[in-house]
Each structure stands twice: as structure tokens, then as C-alpha cells.
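See structure below.
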Amino acid sequence: MNKATDSIDISINDETKQVAINSTVQSVIEIYAELAGADVNAIAVAINSEIVPRVRWQSECCLAGDKFEIFSVVAGG
Amino acid sequence: MLTIADHQFESRLFTGTGKFAQPETMLAAIKASQSQLVTLAVKRLDLSTGSDNILQPLLDSGVKLLPNTAGARNVKEAIFAAHLAREMLGTNWVKLEIHPDPKYLMPDPIETLEAARILCEQGYVVLPYVHADPVLCRRLEEVGCAAVMPLGSPIGSNQGLATETFLKIIIEQANVPVIVDAGIGAPSQATHAMELGADAVLVNTAIASSSDPVAMGHCFAQAVNTGRQAYIAGLGAVSHQAHNTSPLTGFLNE
């Protein structure tokens, strides 16, 4: 199968990334948040400026052009 | 015991987690400070450098977490940050801070009041960081804020209680806890804020930027406790004239 047909481009925190078609939000977070060394329990995600609650991460799939924003907890006053 | 919303705190010292050289130092300093409420921020994850991973050790330490909305420049961004924090941490508590000006970090009162109104309607426990403005603090109370957090001086400046006159008015008028936030640079200033009748103080930079943050955390714990005890005991009246504390009977001549 042509790679162009089985993967899609999405953006994650302004970086373009290729992910498999029908990737769940959960799988994208596992790849990128965990790769970045972030605690997945301390993550929140917005797709196209809308927060996606954790309970929907397993059921929701990415669409081409989706803009992911992954947030984490950091130190602050 | 200090009560905010439905939560009780034995310690009246709240602490921030920013600016510490090492996460381990931050955790040890918070422990030494005996603080039971600590602030955190929300930030876009840097995919290359990752995050601090400070959450689990803080949860393990048993403190209550207070996410802030630092970085928000308006109502919309602050509400978004509060929603993210709730999703992330499972708490409806939020330290609302909206300061678009990067030099002095002065809180925007108009955006803050509107964001507070909306977040209170949405069921959040809102603790707004504001200038020491008694009128604004009343308005924030009216829209349902669980406490008010007027500043002593600019964030991180260690200038102390530059706003003392107005803090006194806020403390006198408030029906919700008053937490003096920002600018407290020395334990003596924390004591002073508590002697004025503040319900709590929030300290970050003064502890984090000390050359011994753990020792300084302990100093602040004592300072806040001393100030509170002095407030309860009641300070003596201030007068312009001297009033003798010993009998002036001139006994040497009698």
C-alpha cells in the first residue's frame, strides 16, 4: 500500500507529524507525550482548540489536518 | 484552621513551585514550609525536552494542588487554562491570574473579574490574583470567588508589602479569606502580613531564590505562624507619644 494513503499529517504543538490513518488520540499521546518523557497522567489535550477529555482518548480518531495541542503541568507560582 | 470553600488547612502558608534549581529541592522546601496548598502552572509540552514530572511526587507528598492560569492574557485564555488544569489534575480549584504585561506582571482587573464570574458560574473554586484594590476584591467576592489574593508588590520582586494601606482595607472588608500573594520577600514580611490579619500568604520566589531554600521554607513556616498568633493575641495600640512602662516616682530622691 502506498504510504501516502495509509498515513495522514497532523500537527502537534505546531510540529507536523505523520500518523497512521485511524490512529486514536490515545495512541498519538502515547507516542509523542511519552517520547517527550512526560507523565501521561499529567497531560491534557486540545484538538482544534477544543479540549478532548481523557475518557474520549480511546474512542476518538485523528483526522488529517488536526491541530493537536498537548499541555502538561509545570512548576509555577 | 483556615477554611477555603470546603477545604481546611492547618498551615496558612501557601507555596509556589516555580524557580527552584532542582525538583528535589522544591519538594524538600515545600515539606519544610509545611505548606498544604501549592501552585502549579499549565504549559504546552515541549516535544523535545519533555516536562518536569513534578506532579507525582507532589501528589505523594499529600499537598493540595492549585493550578494557575499564568500566561493567560485575557478571559478566553484564562478559562481555557482552567479547563485544561481541571482535565489534567481533576481539580476545580484555580488560581486565576491574567497579566498581559510581561514587565511588571500587573493583573488585568477587568479581564480577571469577567473570567472569575464565568468560572464561578461553571462551579470552579476561584482564587483570583489581583492588585490590592478593595473595590475589585469586593466585586470578586460578589461574583462568588472563594478567596481573594491581592499582591504585596510585583511578582517575584521581593519588595514586601508595598500595598499595605490597601491590604488593610481589603482585610477589614472581606467576607472571604484574604491571601497576600506576590512580592513577599522575607519571613518578617510574611509575619507582618499575618499580623495585619491576612488569612494566609503565598510565597514562591523568596523561598526558591534563597541560597538554602529548605531552611528558608522552614523560616517562613515559623514566620507565618508567629504572625498569626500575634494577630490572635492582639497587637498593642500605636501612639505618637511615649507611655511609661515603669513607675516614674523618682525613687532615688525620696
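Letters A, B, ... go to the chains of the C-alpha cells in the order shown; residues in each chain start at 1; ligands are counted from 1 in the same order.
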
Discussion item. With only C-alpha atoms considered, list every residue of chain A at most 8 Å from chain B, as a PyMOL selection string.
Written reply: chain A and resi 13+32-33+35-39+41-45+51+53-54+69-77

Practice prompt. Extract, using only C-alpha atoms, all DNA, RNA and protein residues at most 12 Å from Ser27 of chain A, discarding same-chain residues fewer than 3 positions from it, and format them as a VMD selection string.
Written response: chain A and resid 19 to 24 30 to 35 40 56 to 62

Please, could you write that set of residues out with C-alpha atoms as a PDB file, in the first residue's frame?
```pdb
ATOM      1  CA  VAL A  19       0.414   9.247  11.962  1.00  0.00           C
ATOM      2  CA  ALA A  20      -1.400   6.145  10.716  1.00  0.00           C
ATOM      3  CA  ILE A  21      -4.943   6.569   9.455  1.00  0.00           C
ATOM      4  CA  ASN A  22      -7.469   5.839  12.205  1.00  0.00           C
ATOM      5  CA  SER A  23      -4.919   6.473  14.944  1.00  0.00           C
ATOM      6  CA  THR A  24      -6.699   7.108  18.199  1.00  0.00           C
ATOM      7  CA  GLU A  30       1.370   7.578  23.892  1.00  0.00           C
ATOM      8  CA  ILE A  31       3.833   8.124  21.061  1.00  0.00           C
ATOM      9  CA  TYR A  32       4.579  11.812  21.460  1.00  0.00           C
ATOM     10  CA  ALA A  33       3.952  12.637  25.099  1.00  0.00           C
ATOM     11  CA  GLU A  34       5.732   9.539  26.327  1.00  0.00           C
ATOM     12  CA  LEU A  35       8.601  10.075  23.900  1.00  0.00           C
ATOM     13  CA  VAL A  40       0.725  10.830  30.656  1.00  0.00           C
ATOM     14  CA  ARG A  56     -12.590  10.004  24.871  1.00  0.00           C
ATOM     15  CA  TRP A  57      -8.926   9.388  24.052  1.00  0.00           C
ATOM     16  CA  GLN A  58      -9.524   5.703  23.256  1.00  0.00           C
ATOM     17  CA  SER A  59     -12.587   6.197  21.085  1.00  0.00           C
ATOM     18  CA  GLU A  60     -11.662   9.331  19.163  1.00  0.00           C
ATOM     19  CA  CYS A  61      -9.621   9.084  15.942  1.00  0.00           C
ATOM     20  CA  CYS A  62      -7.379  11.680  14.320  1.00  0.00           C
TER      21      CYS A  62
END
```

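Going from atom CA of Pro213 of chain B to atom CA of Gly197 of chain B covers 26.0 Å.
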
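Close contacts of Asn158 of chain B, defined as residues with an atom at most 9 Å away when counting only C-alpha atoms, with chain neighbours fewer than 4 positions off set aside, comprise Ser153, Pro154, Ala182, Gly183, Ile184, Gly185, Ala186, Thr205 and Ala206 of chain B.
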
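Every protein, DNA or RNA residue with an atom at most 12 Å from Gln34 of chain B, where only C-alpha atoms count and chain neighbours fewer than 5 positions away do not, is listed here: Phe9, Glu10, Ser11, Arg12, Leu13, Phe14, Thr15, Leu27, Ala28, Ala29, Ser61, Gly62, Val63, Lys64, Val214, Ala215, Met216, Gly217, His218, Cys219, Phe220, Ala221, Gln222, Ala223, Val224 and Asn225 of chain B.
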
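The spacing separating atom CA of Val130 of chain B from atom CA of Leu151 of chain B amounts to 6.3 Å.
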
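Straight-line separation from atom CA of Ser33 of chain B to atom CA of Thr226 of chain B: 13.5 Å.
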
Worksheet item: With distances taken over only C-alpha atoms, which of B:Ala237, B:Leu2, B:Leu37, B:Val143 is nearest to Gly123 of chain B?
Response: B:Val143

Practice prompt. Going by DSSP on the backbone, which bits of segment 42-93 of chain B are strand (DSSP E or B)? Write them as a PyMOL selection string, please.
Written response: chain B and resi 42-44+64-68+93

Worksheet entry | 8 Å contact set for Ile10 of chain A, only C-alpha atoms, chain neighbours under 2 positions out, as an MDAnalysis selection string | chainID A and resid 8 12 16:19 62:68

Atoms to include: all heavy atoms. Write the selected residues as a short mmCIF file (atom, residue, chain, number, x, y, z; two decimals), in the first residue's frame.
```cif
data_model
loop_
_atom_site.label_atom_id
_atom_site.label_comp_id
_atom_site.auth_asym_id
_atom_site.auth_seq_id
_atom_site.Cartn_x
_atom_site.Cartn_y
_atom_site.Cartn_z
N ILE A 8 -1.59 10.04 7.63
CA ILE A 8 -2.11 11.41 7.49
C ILE A 8 -1.18 12.37 8.23
O ILE A 8 -0.46 11.96 9.14
CB ILE A 8 -3.54 11.54 8.06
CG1 ILE A 8 -3.59 11.03 9.51
CG2 ILE A 8 -4.55 10.84 7.16
CD1 ILE A 8 -4.91 11.30 10.21
N ILE A 12 1.22 18.67 15.88
CA ILE A 12 1.27 18.53 17.34
C ILE A 12 2.14 19.66 17.88
O ILE A 12 3.34 19.72 17.58
CB ILE A 12 1.84 17.17 17.77
CG1 ILE A 12 1.02 16.03 17.16
CG2 ILE A 12 1.86 17.06 19.30
CD1 ILE A 12 1.57 14.65 17.45
N THR A 16 4.62 19.41 12.40
CA THR A 16 3.87 18.47 11.55
C THR A 16 4.38 17.05 11.80
O THR A 16 5.58 16.81 11.82
CB THR A 16 4.05 18.84 10.07
OG1 THR A 16 3.59 20.18 9.90
CG2 THR A 16 3.25 17.91 9.17
N LYS A 17 3.42 16.14 12.02
CA LYS A 17 3.77 14.74 12.27
C LYS A 17 2.89 13.86 11.39
O LYS A 17 1.74 14.21 11.11
CB LYS A 17 3.52 14.38 13.74
CG LYS A 17 4.25 15.24 14.75
CD LYS A 17 5.72 14.94 14.81
CE LYS A 17 6.42 15.77 15.89
NZ LYS A 17 7.87 15.64 15.83
N GLN A 18 3.44 12.72 10.99
CA GLN A 18 2.65 11.73 10.25
C GLN A 18 2.20 10.64 11.21
O GLN A 18 3.02 10.11 11.97
CB GLN A 18 3.49 11.10 9.14
CG GLN A 18 3.63 12.01 7.92
CD GLN A 18 4.01 11.22 6.68
OE1 GLN A 18 4.70 10.21 6.78
NE2 GLN A 18 3.54 11.66 5.52
N VAL A 19 0.92 10.35 11.14
CA VAL A 19 0.41 9.25 11.96
C VAL A 19 -0.43 8.34 11.07
O VAL A 19 -0.91 8.76 10.02
CB VAL A 19 -0.43 9.76 13.16
CG1 VAL A 19 0.40 10.61 14.09
CG2 VAL A 19 -1.67 10.50 12.69
N CYS A 62 -7.93 10.46 14.92
CA CYS A 62 -7.38 11.68 14.32
C CYS A 62 -7.87 11.81 12.89
O CYS A 62 -8.04 10.82 12.18
CB CYS A 62 -5.86 11.61 14.24
SG CYS A 62 -5.07 11.21 15.75
N LEU A 63 -8.02 13.05 12.45
CA LEU A 63 -8.33 13.35 11.06
C LEU A 63 -7.18 14.15 10.47
O LEU A 63 -6.49 14.88 11.20
CB LEU A 63 -9.63 14.15 10.96
CG LEU A 63 -10.89 13.45 11.50
CD1 LEU A 63 -12.07 14.42 11.51
CD2 LEU A 63 -11.21 12.22 10.67
N ALA A 64 -7.00 14.03 9.17
CA ALA A 64 -5.93 14.79 8.51
C ALA A 64 -6.10 16.27 8.81
O ALA A 64 -7.20 16.81 8.77
CB ALA A 64 -5.98 14.55 7.01
N GLY A 65 -4.99 16.90 9.14
CA GLY A 65 -5.02 18.35 9.40
C GLY A 65 -5.37 18.72 10.82
O GLY A 65 -5.37 19.91 11.18
N ASP A 66 -5.67 17.72 11.66
CA ASP A 66 -6.00 18.04 13.06
C ASP A 66 -4.83 18.79 13.71
O ASP A 66 -3.66 18.46 13.49
CB ASP A 66 -6.25 16.75 13.86
CG ASP A 66 -7.70 16.30 13.78
OD1 ASP A 66 -8.55 17.09 13.30
OD2 ASP A 66 -7.97 15.16 14.20
N LYS A 67 -5.20 19.77 14.50
CA LYS A 67 -4.19 20.51 15.26
C LYS A 67 -4.23 20.06 16.71
O LYS A 67 -5.13 20.44 17.46
CB LYS A 67 -4.47 22.02 15.18
CG LYS A 67 -3.96 22.67 13.90
CD LYS A 67 -4.03 24.18 14.03
CE LYS A 67 -3.15 24.68 15.15
NZ LYS A 67 -2.75 26.07 15.00
N PHE A 68 -3.27 19.24 17.08
CA PHE A 68 -3.17 18.80 18.46
C PHE A 68 -2.38 19.83 19.27
O PHE A 68 -1.36 20.34 18.80
CB PHE A 68 -2.38 17.48 18.55
CG PHE A 68 -3.20 16.24 18.38
CD1 PHE A 68 -3.89 15.99 17.21
CD2 PHE A 68 -3.26 15.29 19.41
CE1 PHE A 68 -4.64 14.84 17.06
CE2 PHE A 68 -4.00 14.13 19.26
CZ PHE A 68 -4.70 13.89 18.09
#
```
